[in-house]
>>> print(open('structure.cif').read())   # mmCIF, C-alpha atoms
data_input
loop_
_atom_site.label_atom_id
_atom_site.label_comp_id
_atom_site.auth_asym_id
_atom_site.auth_seq_id
_atom_site.Cartn_x
_atom_site.Cartn_y
_atom_site.Cartn_z
CA MET A 1 0.00 0.00 0.00
CA SER A 2 1.34 3.43 -0.87
CA ASN A 3 2.00 6.04 1.80
CA ALA A 4 -0.64 8.26 0.20
CA LEU A 5 -3.34 5.58 0.45
CA ASP A 6 -2.29 4.60 3.97
CA THR A 7 -2.43 8.24 5.08
CA SER A 8 -5.80 8.73 3.37
CA LEU A 9 -7.24 5.71 5.18
CA ARG A 10 -5.82 6.93 8.49
CA LEU A 11 -7.55 10.28 7.95
CA VAL A 12 -10.83 8.49 7.24
CA ARG A 13 -10.49 6.45 10.46
CA ALA A 14 -9.57 9.54 12.48
CA GLN A 15 -12.56 11.41 11.06
CA ALA A 16 -14.88 8.51 11.93
CA SER A 17 -13.49 8.40 15.47
CA LEU A 18 -13.91 12.15 15.95
CA THR A 19 -17.42 12.07 14.52
CA LYS A 20 -18.41 9.26 16.89
CA ARG A 21 -17.01 11.17 19.85
CA PHE A 22 -18.78 14.41 18.92
CA ASP A 23 -22.03 12.66 17.98
CA GLY A 24 -22.24 10.81 21.29
CA ARG A 25 -21.82 13.85 23.48
CA LEU A 26 -23.85 16.26 21.32
CA ALA A 27 -26.72 13.76 21.07
CA ALA A 28 -26.71 13.09 24.82
CA LEU A 29 -26.67 16.77 25.80
CA HIS A 30 -28.43 18.53 22.92
CA GLY A 31 -30.21 15.93 20.79
CA VAL A 32 -28.16 16.76 17.67
CA SER A 33 -25.32 15.22 15.69
CA LEU A 34 -22.03 16.71 14.55
CA ALA A 35 -23.57 17.04 11.07
CA ASP A 36 -26.45 19.03 12.58
CA LEU A 37 -24.00 21.25 14.45
CA THR A 38 -22.08 21.87 11.22
CA VAL A 39 -25.27 22.99 9.45
CA LEU A 40 -26.32 25.20 12.36
CA LEU A 41 -22.84 26.70 12.57
CA ARG A 42 -22.87 27.58 8.85
CA LEU A 43 -26.27 29.22 9.26
CA GLY A 44 -25.09 31.04 12.37
CA ARG A 45 -22.17 32.53 10.45
CA ALA A 46 -24.27 33.48 7.42
CA GLU A 47 -25.55 37.00 6.95
CA GLY A 48 -28.92 37.23 8.69
CA GLY A 49 -28.61 33.59 9.80
CA ARG A 50 -29.99 32.44 6.46
CA MET A 51 -28.71 30.66 3.38
CA ARG A 52 -30.18 29.27 0.22
CA ARG A 53 -30.48 25.55 0.72
CA VAL A 54 -28.29 24.79 -2.30
CA ASP A 55 -25.57 27.08 -0.94
CA LEU A 56 -25.83 25.47 2.47
CA ALA A 57 -25.53 22.03 0.86
CA GLN A 58 -22.39 23.09 -1.00
CA ALA A 59 -20.90 24.64 2.14
CA VAL A 60 -21.31 21.48 4.22
CA GLY A 61 -20.51 19.00 1.43
CA LEU A 62 -23.96 17.49 0.93
CA THR A 63 -26.37 17.24 -1.96
CA ALA A 64 -29.33 19.60 -1.97
CA SER A 65 -31.65 16.71 -1.14
CA GLY A 66 -29.25 15.58 1.61
CA VAL A 67 -29.31 18.96 3.31
CA THR A 68 -33.11 19.14 2.94
CA ARG A 69 -33.44 15.76 4.69
CA GLY A 70 -31.03 16.91 7.38
CA LEU A 71 -32.96 20.12 8.01
CA ILE A 72 -36.29 18.37 8.64
CA PRO A 73 -35.51 17.31 12.24
CA LEU A 74 -33.94 20.71 12.95
CA GLU A 75 -37.14 22.36 11.71
CA ARG A 76 -39.27 20.03 13.87
CA ILE A 77 -37.45 21.05 17.04
CA GLY A 78 -37.60 24.75 16.17
CA LEU A 79 -33.93 25.44 15.46
CA VAL A 80 -34.41 26.23 11.76
CA VAL A 81 -37.31 27.38 9.59
CA ARG A 82 -37.83 27.12 5.86
CA GLU A 83 -38.35 30.45 4.12
CA PRO A 84 -39.44 30.60 0.48
CA ASP A 85 -38.02 33.20 -1.86
CA PRO A 86 -40.90 35.55 -2.75
CA ARG A 87 -39.38 36.17 -6.21
CA ASP A 88 -38.49 32.58 -7.16
CA ALA A 89 -40.62 29.64 -6.05
CA ARG A 90 -37.75 27.24 -6.85
CA VAL A 91 -35.55 28.80 -4.18
CA ALA A 92 -35.86 28.12 -0.46
CA TYR A 93 -33.81 29.45 2.41
CA ALA A 94 -32.87 27.76 5.66
CA VAL A 95 -33.07 30.30 8.47
CA LEU A 96 -31.68 29.92 11.98
CA THR A 97 -34.35 30.77 14.57
CA ALA A 98 -33.71 32.73 17.78
CA THR A 99 -34.01 29.41 19.63
CA GLY A 100 -31.58 27.87 17.17
CA ARG A 101 -29.06 30.66 17.77
CA ALA A 102 -29.31 30.27 21.56
CA ARG A 103 -29.02 26.48 21.39
CA LEU A 104 -26.11 26.80 18.94
CA GLY A 105 -24.20 28.71 21.60
CA GLU A 106 -24.77 25.85 24.05
CA MET A 107 -23.77 23.25 21.44
CA LEU A 108 -20.58 25.17 20.62
CA ARG A 109 -19.55 25.18 24.28
CA THR A 110 -19.96 21.39 24.33
CA ALA A 111 -18.06 21.01 21.05
CA GLU A 112 -15.23 23.19 22.40
CA GLU A 113 -15.00 20.90 25.45
CA ILE A 114 -14.82 17.82 23.24
CA ALA A 115 -12.16 19.39 21.01
CA ALA A 116 -10.14 20.44 24.05
CA ASP A 117 -10.28 16.84 25.34
CA VAL A 118 -9.16 15.47 21.97
CA PHE A 119 -6.16 17.78 21.73
CA ALA A 120 -5.20 17.70 25.42
CA ALA A 121 -2.80 14.77 25.00
CA PRO A 122 0.85 15.59 25.74
CA HIS A 123 1.99 15.02 22.14
CA TRP A 124 -0.05 18.06 21.06
CA ALA A 125 1.82 20.36 23.47
CA ASP A 126 4.98 20.89 21.38
CA GLY A 127 3.44 22.53 18.33
CA GLY A 128 1.84 19.33 16.99
CA PHE A 129 -1.58 20.93 16.94
CA GLU A 130 -0.39 23.86 14.81
CA VAL A 131 1.41 21.51 12.44
CA LEU A 132 -1.72 19.36 12.04
CA ALA A 133 -3.94 22.40 11.54
CA GLY A 134 -1.59 23.70 8.83
CA LEU A 135 -1.43 20.35 7.05
CA LEU A 136 -5.21 19.99 7.12
CA ALA A 137 -5.61 23.51 5.71
CA GLU A 138 -3.24 22.58 2.88
CA LEU A 139 -5.16 19.37 2.22
CA ASP A 140 -8.45 21.28 2.14
CA ALA A 141 -7.01 23.88 -0.23
CA ALA A 142 -5.63 21.12 -2.49
CA GLY A 143 -9.21 19.99 -3.07
CA HIS A 144 -9.97 23.28 -4.85
CA ASP A 145 -8.41 24.90 -7.92
CA SER A 146 -7.16 28.50 -8.05
CA ALA A 147 -10.67 29.75 -8.83
CA GLY A 148 -12.15 27.98 -5.79
CA HIS A 149 -13.76 25.10 -7.69
CA ASP A 150 -13.82 21.68 -6.06
CA ALA A 151 -12.79 18.39 -7.67
CA ALA A 152 -16.12 18.16 -9.50
CA GLY A 153 -15.62 21.64 -10.97
CA TYR A 154 -18.18 23.61 -8.93
CA ASP A 155 -17.53 26.71 -6.85
CA ALA A 156 -19.14 27.44 -3.46
CA ALA A 157 -22.26 28.81 -5.16
CA GLY A 158 -22.67 25.69 -7.28
CA TYR A 159 -21.49 27.04 -10.64
CA ASP A 160 -18.81 25.56 -12.88
CA ALA A 161 -15.92 27.56 -14.36
CA ALA A 162 -18.07 28.63 -17.33
CA GLY A 163 -20.86 29.81 -15.03
CA TYR A 164 -23.26 26.99 -15.95
CA GLY A 165 -25.26 24.71 -13.73
CA SER A 166 -26.81 25.38 -10.41
CA GLY A 167 -24.85 22.66 -8.67
CA ALA A 168 -28.08 21.92 -6.81
CA GLY A 169 -27.53 18.19 -7.05
CA HIS A 170 -23.81 18.51 -6.47
CA GLY A 171 -22.02 17.88 -3.23
#
>>> encode(input="structure.cif", output="structure tokens")
Amino acid sequence: MSNALDTSLRLVRAQASLTKRFDGRLAALHGVSLADLTVLLRLGRAEGGRMRRVDLAQAVGLTASGVTRGLIPLERIGLVVREPDPRDARVAYAVLTATGRARLGEMLRTAEEIAADVFAAPHWADGGFEVLAGLLAELDAAGHDSAGHDAAGYDAAGYDAAGYGSGAGHG
């Protein structure tokens, strides 16, 4: 096995382990998963706490239908609402509610505790954390070309280099 494949598989295992750790604690304390937290965090950082669903899908690496399915339970518990675009019936926004914003703050405190536990080990004390963060940033950037398009050729708004396609099913 090549070093590249071995490293890739190690990253996948590490990601699965981290996800399991975050999911367990977030579910127990807040009734949400890490994926839910990621969606809520993106909405919380968006202007007005709202994003077009296709843009949200692109931002979190899901398909439009995947993010729609993921938003349903968040809508049921009052953290997010669906808002139609009055000018275009095909467009819908996901909007973070006031309750969602307050609960997001609580969830972030829990996530910060989990992250602090993960990186509290002694081998992270001598600059290992900064090295890892830098390498992960490089890896993330390597997945996009100079114009910000991902491996499938779509930018964050879902358009290809020529400006075609909504990217709605992409992600």
>>> resolve_selection(input="structure.cif", expression="the PyMOL selection byres ((chain A and resi 108-119) around 8)", output="VMD selection string")
chain A and resid 21 to 22 25 to 26 104 to 107 120 to 121 124 129
>>> atom_distance(input="structure.cif", atom1="CA of Met51 (chain A)", atom2="CA of Leu96 (chain A)")
9.1 Å
>>> resolve_selection(input="structure.cif", expression="the PyMOL selection byres ((chain A and resi 95) around 10)", output="PDB file with C-alpha atoms, in the frame of the given file")
ATOM      1  CA  LEU A  40     -26.320  25.200  12.360  1.00  0.00           C
ATOM      2  CA  LEU A  43     -26.270  29.220   9.260  1.00  0.00           C
ATOM      3  CA  GLY A  44     -25.090  31.040  12.370  1.00  0.00           C
ATOM      4  CA  ALA A  46     -24.270  33.480   7.420  1.00  0.00           C
ATOM      5  CA  GLY A  48     -28.920  37.230   8.690  1.00  0.00           C
ATOM      6  CA  GLY A  49     -28.610  33.590   9.800  1.00  0.00           C
ATOM      7  CA  ARG A  50     -29.990  32.440   6.460  1.00  0.00           C
ATOM      8  CA  MET A  51     -28.710  30.660   3.380  1.00  0.00           C
ATOM      9  CA  ARG A  52     -30.180  29.270   0.220  1.00  0.00           C
ATOM     10  CA  ARG A  53     -30.480  25.550   0.720  1.00  0.00           C
ATOM     11  CA  GLU A  75     -37.140  22.360  11.710  1.00  0.00           C
ATOM     12  CA  LEU A  79     -33.930  25.440  15.460  1.00  0.00           C
ATOM     13  CA  VAL A  80     -34.410  26.230  11.760  1.00  0.00           C
ATOM     14  CA  VAL A  81     -37.310  27.380   9.590  1.00  0.00           C
ATOM     15  CA  ARG A  82     -37.830  27.120   5.860  1.00  0.00           C
ATOM     16  CA  GLU A  83     -38.350  30.450   4.120  1.00  0.00           C
ATOM     17  CA  ALA A  92     -35.860  28.120  -0.460  1.00  0.00           C
ATOM     18  CA  TYR A  93     -33.810  29.450   2.410  1.00  0.00           C
ATOM     19  CA  ALA A  94     -32.870  27.760   5.660  1.00  0.00           C
ATOM     20  CA  LEU A  96     -31.680  29.920  11.980  1.00  0.00           C
ATOM     21  CA  THR A  97     -34.350  30.770  14.570  1.00  0.00           C
ATOM     22  CA  ALA A  98     -33.710  32.730  17.780  1.00  0.00           C
ATOM     23  CA  GLY A 100     -31.580  27.870  17.170  1.00  0.00           C
TER      24      GLY A 100
END
>>> atom_distance(input="structure.cif", atom1="CA of Ser17 (chain A)", atom2="CA of Ala4 (chain A)")
20.0 Å
>>> resolve_selection(input="structure.cif", expression="the PyMOL selection byres ((chain A and resi 63-69) around 12)", output="ChimeraX atom specification")
/A:35-36,38-40,51-62,70-76,80-82,91-94,158,166-171
>>> atom_distance(input="structure.cif", atom1="CA of Glu47 (chain A)", atom2="CA of Ser33 (chain A)")
23.5 Å
>>> closest_residue(input="structure.cif", among="A:Pro86, A:Leu34, A:Ser8, A:Lys20", to="Leu139 (chain A)", atoms="only C-alpha atoms")
A:Ser8
>>> build_atoms(input="structure.cif", residues="region 21-42 of chain A", atoms="N, CA, C and O atoms", output="PDB file, in the frame of the given file")
ATOM      1  N   ARG A  21     -17.194  10.491  18.569  1.00  0.00           N
ATOM      2  CA  ARG A  21     -17.010  11.170  19.850  1.00  0.00           C
ATOM      3  C   ARG A  21     -17.912  12.397  19.964  1.00  0.00           C
ATOM      4  O   ARG A  21     -18.585  12.604  20.973  1.00  0.00           O
ATOM      5  N   PHE A  22     -17.923  13.231  18.917  1.00  0.00           N
ATOM      6  CA  PHE A  22     -18.780  14.410  18.920  1.00  0.00           C
ATOM      7  C   PHE A  22     -20.253  14.028  18.919  1.00  0.00           C
ATOM      8  O   PHE A  22     -21.039  14.593  19.681  1.00  0.00           O
ATOM      9  N   ASP A  23     -20.628  13.074  18.065  1.00  0.00           N
ATOM     10  CA  ASP A  23     -22.030  12.660  17.980  1.00  0.00           C
ATOM     11  C   ASP A  23     -22.562  12.175  19.322  1.00  0.00           C
ATOM     12  O   ASP A  23     -23.676  12.534  19.720  1.00  0.00           O
ATOM     13  N   GLY A  24     -21.781  11.355  20.009  1.00  0.00           N
ATOM     14  CA  GLY A  24     -22.240  10.810  21.290  1.00  0.00           C
ATOM     15  C   GLY A  24     -22.546  11.885  22.307  1.00  0.00           C
ATOM     16  O   GLY A  24     -23.609  11.881  22.949  1.00  0.00           O
ATOM     17  N   ARG A  25     -21.637  12.807  22.460  1.00  0.00           N
ATOM     18  CA  ARG A  25     -21.820  13.850  23.480  1.00  0.00           C
ATOM     19  C   ARG A  25     -22.874  14.867  23.053  1.00  0.00           C
ATOM     20  O   ARG A  25     -23.698  15.297  23.865  1.00  0.00           O
ATOM     21  N   LEU A  26     -22.852  15.286  21.785  1.00  0.00           N
ATOM     22  CA  LEU A  26     -23.850  16.260  21.320  1.00  0.00           C
ATOM     23  C   LEU A  26     -25.262  15.683  21.379  1.00  0.00           C
ATOM     24  O   LEU A  26     -26.206  16.377  21.748  1.00  0.00           O
ATOM     25  N   ALA A  27     -25.403  14.405  21.022  1.00  0.00           N
ATOM     26  CA  ALA A  27     -26.720  13.760  21.070  1.00  0.00           C
ATOM     27  C   ALA A  27     -27.212  13.668  22.515  1.00  0.00           C
ATOM     28  O   ALA A  27     -28.383  13.954  22.805  1.00  0.00           O
ATOM     29  N   ALA A  28     -26.327  13.259  23.421  1.00  0.00           N
ATOM     30  CA  ALA A  28     -26.710  13.090  24.820  1.00  0.00           C
ATOM     31  C   ALA A  28     -27.121  14.421  25.464  1.00  0.00           C
ATOM     32  O   ALA A  28     -28.080  14.465  26.231  1.00  0.00           O
ATOM     33  N   LEU A  29     -26.415  15.482  25.151  1.00  0.00           N
ATOM     34  CA  LEU A  29     -26.670  16.770  25.800  1.00  0.00           C
ATOM     35  C   LEU A  29     -27.644  17.682  25.056  1.00  0.00           C
ATOM     36  O   LEU A  29     -28.337  18.481  25.681  1.00  0.00           O
ATOM     37  N   HIS A  30     -27.655  17.567  23.709  1.00  0.00           N
ATOM     38  CA  HIS A  30     -28.430  18.530  22.920  1.00  0.00           C
ATOM     39  C   HIS A  30     -29.381  17.911  21.914  1.00  0.00           C
ATOM     40  O   HIS A  30     -30.131  18.627  21.251  1.00  0.00           O
ATOM     41  N   GLY A  31     -29.309  16.600  21.727  1.00  0.00           N
ATOM     42  CA  GLY A  31     -30.210  15.930  20.790  1.00  0.00           C
ATOM     43  C   GLY A  31     -29.862  16.181  19.327  1.00  0.00           C
ATOM     44  O   GLY A  31     -30.732  16.071  18.462  1.00  0.00           O
ATOM     45  N   VAL A  32     -28.596  16.524  19.045  1.00  0.00           N
ATOM     46  CA  VAL A  32     -28.160  16.760  17.670  1.00  0.00           C
ATOM     47  C   VAL A  32     -26.885  15.983  17.392  1.00  0.00           C
ATOM     48  O   VAL A  32     -26.217  15.514  18.305  1.00  0.00           O
ATOM     49  N   SER A  33     -26.560  15.875  16.114  1.00  0.00           N
ATOM     50  CA  SER A  33     -25.320  15.220  15.690  1.00  0.00           C
ATOM     51  C   SER A  33     -24.286  16.270  15.314  1.00  0.00           C
ATOM     52  O   SER A  33     -24.596  17.470  15.227  1.00  0.00           O
ATOM     53  N   LEU A  34     -23.076  15.804  15.045  1.00  0.00           N
ATOM     54  CA  LEU A  34     -22.030  16.710  14.550  1.00  0.00           C
ATOM     55  C   LEU A  34     -22.446  17.312  13.214  1.00  0.00           C
ATOM     56  O   LEU A  34     -22.214  18.496  12.960  1.00  0.00           O
ATOM     57  N   ALA A  35     -23.084  16.522  12.363  1.00  0.00           N
ATOM     58  CA  ALA A  35     -23.570  17.040  11.070  1.00  0.00           C
ATOM     59  C   ALA A  35     -24.586  18.163  11.288  1.00  0.00           C
ATOM     60  O   ALA A  35     -24.552  19.183  10.599  1.00  0.00           O
ATOM     61  N   ASP A  36     -25.478  17.980  12.263  1.00  0.00           N
ATOM     62  CA  ASP A  36     -26.450  19.030  12.580  1.00  0.00           C
ATOM     63  C   ASP A  36     -25.739  20.287  13.065  1.00  0.00           C
ATOM     64  O   ASP A  36     -26.077  21.398  12.656  1.00  0.00           O
ATOM     65  N   LEU A  37     -24.759  20.108  13.944  1.00  0.00           N
ATOM     66  CA  LEU A  37     -24.000  21.250  14.450  1.00  0.00           C
ATOM     67  C   LEU A  37     -23.317  21.991  13.311  1.00  0.00           C
ATOM     68  O   LEU A  37     -23.321  23.221  13.278  1.00  0.00           O
ATOM     69  N   THR A  38     -22.761  21.256  12.364  1.00  0.00           N
ATOM     70  CA  THR A  38     -22.080  21.870  11.220  1.00  0.00           C
ATOM     71  C   THR A  38     -23.047  22.731  10.419  1.00  0.00           C
ATOM     72  O   THR A  38     -22.724  23.863  10.034  1.00  0.00           O
ATOM     73  N   VAL A  39     -24.244  22.228  10.183  1.00  0.00           N
ATOM     74  CA  VAL A  39     -25.270  22.990   9.450  1.00  0.00           C
ATOM     75  C   VAL A  39     -25.660  24.228  10.241  1.00  0.00           C
ATOM     76  O   VAL A  39     -25.718  25.339   9.692  1.00  0.00           O
ATOM     77  N   LEU A  40     -25.929  24.061  11.528  1.00  0.00           N
ATOM     78  CA  LEU A  40     -26.320  25.200  12.360  1.00  0.00           C
ATOM     79  C   LEU A  40     -25.214  26.242  12.442  1.00  0.00           C
ATOM     80  O   LEU A  40     -25.480  27.448  12.408  1.00  0.00           O
ATOM     81  N   LEU A  41     -23.979  25.783  12.520  1.00  0.00           N
ATOM     82  CA  LEU A  41     -22.840  26.700  12.570  1.00  0.00           C
ATOM     83  C   LEU A  41     -22.729  27.514  11.288  1.00  0.00           C
ATOM     84  O   LEU A  41     -22.503  28.732  11.318  1.00  0.00           O
ATOM     85  N   ARG A  42     -22.905  26.857  10.130  1.00  0.00           N
ATOM     86  CA  ARG A  42     -22.870  27.580   8.850  1.00  0.00           C
ATOM     87  C   ARG A  42     -23.967  28.630   8.798  1.00  0.00           C
ATOM     88  O   ARG A  42     -23.747  29.758   8.363  1.00  0.00           O
TER      89      ARG A  42
END
